[in-house]
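Okay, so here's the structure we're looking at.
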Amino acid sequence: MSFQNPIEIPGVNTIYFLRTALNEQRKTRGEEELSSPEFMKILYEKMKFLEIDKSILQRSLNVGFSGGEKKKSEVLQMMILEPKLILLDEIDSGLDIDALKSVTKGINALLSKDVSVIIVTHYSRLLDYIHPNAVHILSEGKIVKTADASLAKELESRGYEDVLHTSSTA
């Protein structure tokens, strides 16, 4: 799960957090822990792909990170742990265009037939980089409308009230 505003964990450096999380996951599945060199090879490959500076590895998790660094760090965690279900709560919040491109590049790399991704967003700009199978409008805890990505563009131009009103009268 990716939070709208990722929490800071003082005293836990990013590299320790990532390696511990991955090795605990591997132990739970009955797999051998990765050695430091094996882990570092995977980590550096994914960091290069996401254009993350290696200096974050020694910093406490999310402490003093910019908005873009926090979001990239979360996507890095997902790329390392390879979850089957991903929930992204406003992953685009607070990102400049370069960070948005890097984050969405990572999200797109995670997409496969074996991975489900739910993205919560209020803006369609994210859909310039990620192409969803479906867009849902949630109102009062219920899905009230579903369509393809064009629904998000329609919302941007017409607003929720107009789109919801025309769908209920159609």
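By convention in this document, the chains of the structure tokens carry letters A, B, ... by their order, each chain's residues are numbered from 1, and ligands are numbered from 1 in the order they are shown.
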
Just want the 10 Å neighbourhood of stretch 141-149 of chain A, counted on only C-alpha atoms, with same-chain residues fewer than 4 positions away dropped. Output as a list in words. Ser124, Leu127, Asp128, Ile130, His131, Pro132, Asn133, Ala134, Val135, His136, Ile137, Lys153, Glu154, Val163, Leu164, Ser167 and Ser168 of chain A

- Task: Can you check which residues of chain A DSSP gives as helix (DSSP H, G or I) on the backbone and send them as a VMD selection string?
- Result: chain A and resid 14 to 28 36 to 50 54 to 58 67 to 81 97 to 110 124 to 128 150 to 158 160 to 169

- Message: From the options A:Leu76, A:Leu126, A:Asn5, A:Ile56, which residue's atoms come nearest to A:Leu43, counting only C-alpha atoms?
- Response: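 Among the listed residues, the smallest separation from A:Leu43 belongs to A:Leu76.
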
Quiz item: Using only C-alpha atoms, which of A:Leu155, A:Leu88, A:Val63, A:Val12 sits nearest A:Val120?
Solution: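 Comparing A:Leu155, A:Leu88, A:Val63, A:Val12 against A:Val120, the winner is A:Leu88.
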
### Query
With only C-alpha atoms as the atoms that count, which of A:Leu111, A:Tyr16, A:Glu90, A:Ala152 lies nearest to A:Met40?
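Among the listed residues, the smallest separation from A:Met40 belongs to A:Tyr16.
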
Legend entry - DSSP strand (DSSP E or B) selection over chain A, as a PyMOL selection string: chain A and resi 2+9-13+60-61+85-89+112+115-120+135-139+142-147

Next, the residues of the selection above should be written as a CSV table (one decimal), in the first residue's frame with N, CA and C atoms.
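Final file, selection.csv:
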```csv
chain,number,residue,atom,x,y,z
A,2,SER,N,0.6,2.1,-0.8
A,2,SER,CA,1.3,3.4,-0.9
A,2,SER,C,0.4,4.5,-0.3
A,9,ILE,N,10.2,7.0,9.3
A,9,ILE,CA,10.6,6.0,10.3
A,9,ILE,C,12.0,6.4,10.7
A,10,PRO,N,12.2,7.3,11.7
A,10,PRO,CA,13.5,7.7,12.1
A,10,PRO,C,14.3,6.5,12.7
A,11,GLY,N,15.6,6.5,12.4
A,11,GLY,CA,16.4,5.4,13.0
A,11,GLY,C,16.5,4.1,12.2
A,12,VAL,N,15.6,4.0,11.2
A,12,VAL,CA,15.7,2.8,10.3
A,12,VAL,C,16.1,3.2,8.9
A,13,ASN,N,17.3,2.9,8.6
A,13,ASN,CA,17.8,3.3,7.3
A,13,ASN,C,17.1,2.5,6.2
A,60,SER,N,17.4,7.7,7.0
A,60,SER,CA,16.3,7.0,7.7
A,60,SER,C,15.1,7.0,6.7
A,61,LEU,N,14.3,6.0,6.7
A,61,LEU,CA,13.2,5.8,5.8
A,61,LEU,C,12.3,7.0,5.8
A,85,LEU,N,-1.2,-7.5,-5.0
A,85,LEU,CA,-2.2,-6.5,-4.9
A,85,LEU,C,-1.5,-5.2,-4.4
A,86,ILE,N,-1.7,-4.1,-5.2
A,86,ILE,CA,-1.1,-2.8,-4.9
A,86,ILE,C,-2.2,-1.8,-4.8
A,87,LEU,N,-2.3,-1.0,-3.7
A,87,LEU,CA,-3.2,0.0,-3.5
A,87,LEU,C,-2.4,1.3,-3.4
A,88,LEU,N,-2.6,2.2,-4.3
A,88,LEU,CA,-1.9,3.5,-4.4
A,88,LEU,C,-2.9,4.6,-4.1
A,89,ASP,N,-2.7,5.3,-3.0
A,89,ASP,CA,-3.6,6.4,-2.6
A,89,ASP,C,-2.9,7.7,-3.0
A,112,SER,N,1.1,-6.5,-14.5
A,112,SER,CA,1.1,-7.8,-15.2
A,112,SER,C,-0.2,-8.5,-15.0
A,115,VAL,N,-0.8,-9.2,-11.2
A,115,VAL,CA,-0.8,-8.1,-10.3
A,115,VAL,C,-2.0,-7.3,-10.5
A,116,SER,N,-2.7,-7.0,-9.4
A,116,SER,CA,-3.8,-6.1,-9.4
A,116,SER,C,-3.4,-4.8,-8.8
A,117,VAL,N,-3.8,-3.7,-9.5
A,117,VAL,CA,-3.4,-2.3,-9.0
A,117,VAL,C,-4.6,-1.5,-8.9
A,118,ILE,N,-4.9,-0.9,-7.7
A,118,ILE,CA,-6.0,0.0,-7.5
A,118,ILE,C,-5.3,1.4,-7.2
A,119,ILE,N,-5.7,2.4,-8.1
A,119,ILE,CA,-5.1,3.7,-7.9
A,119,ILE,C,-6.2,4.7,-7.6
A,120,VAL,N,-6.0,5.4,-6.4
A,120,VAL,CA,-7.0,6.4,-6.0
A,120,VAL,C,-6.3,7.7,-6.4
A,135,VAL,N,-12.0,2.7,-15.1
A,135,VAL,CA,-12.1,3.9,-14.2
A,135,VAL,C,-13.4,3.8,-13.5
A,136,HIS,N,-13.4,3.9,-12.2
A,136,HIS,CA,-14.6,3.8,-11.4
A,136,HIS,C,-14.8,5.2,-10.6
A,137,ILE,N,-16.1,5.6,-10.5
A,137,ILE,CA,-16.4,6.7,-9.7
A,137,ILE,C,-17.0,6.1,-8.4
A,138,LEU,N,-16.4,6.5,-7.3
A,138,LEU,CA,-16.9,6.0,-6.0
A,138,LEU,C,-17.6,7.2,-5.3
A,139,SER,N,-18.9,6.9,-4.9
A,139,SER,CA,-19.6,8.0,-4.2
A,139,SER,C,-20.4,7.3,-3.0
A,142,LYS,N,-20.0,3.5,-2.7
A,142,LYS,CA,-20.4,2.6,-3.8
A,142,LYS,C,-19.8,3.1,-5.1
A,143,ILE,N,-19.6,2.1,-5.9
A,143,ILE,CA,-19.2,2.4,-7.3
A,143,ILE,C,-20.4,2.8,-8.0
A,144,VAL,N,-20.5,4.1,-8.5
A,144,VAL,CA,-21.7,4.6,-9.2
A,144,VAL,C,-21.5,4.7,-10.7
A,145,LYS,N,-20.3,4.6,-11.2
A,145,LYS,CA,-20.1,4.6,-12.6
A,145,LYS,C,-18.8,4.0,-12.9
A,146,THR,N,-18.7,3.2,-14.0
A,146,THR,CA,-17.5,2.5,-14.5
A,146,THR,C,-17.4,2.7,-16.0
A,147,ALA,N,-16.2,3.0,-16.5
A,147,ALA,CA,-16.0,3.1,-17.9
A,147,ALA,C,-14.5,2.9,-18.1
```

Separation of atom CA of A:Lys46 from atom CA of A:Tyr123, in Å and rounded to one decimal: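 Going from atom CA of A:Lys46 over to atom CA of A:Tyr123 covers 27.2 Å.
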
What's around A:Ser55 at 12 Å? Count only C-alpha atoms, leave out sequence neighbours fewer than 5 positions away in its own chain, and write the answer as a list in words.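 My reading of the contact set: Asn13, Thr14, Ile15, Tyr44, Met47, Ser60, Leu61, Phe65, Glu69 and Ser73 of chain A.
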
A:Arg125 proximity check over A:Asp92, A:Pro83, A:Ser157, A:Arg19, using only C-alpha atoms: winner is A:Asp92

Q.
Measuring between only C-alpha atoms, which one of A:Thr20, A:Gly30, A:Asp96, A:Asp162 shows the shortest distance to A:Ser66?
A.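 Distance minimum relative to A:Ser66 lands on A:Asp96.
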
What separation in Å, quoted to one decimal, exists between atom CA of A:Ile91 and atom CA of A:Glu51?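 Distance between the two atoms: 16.9 Å.
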
note - atom CA of A:Ile52 and atom CA of A:Ile107 are separated by 14.5 Å

So which residues touch A:Ala99 within 9 Å, counting only C-alpha atoms, skipping near sequence neighbours fewer than 5 positions away, as a PyMOL selection string?
chain A and resi 67-69+71-72+92+104
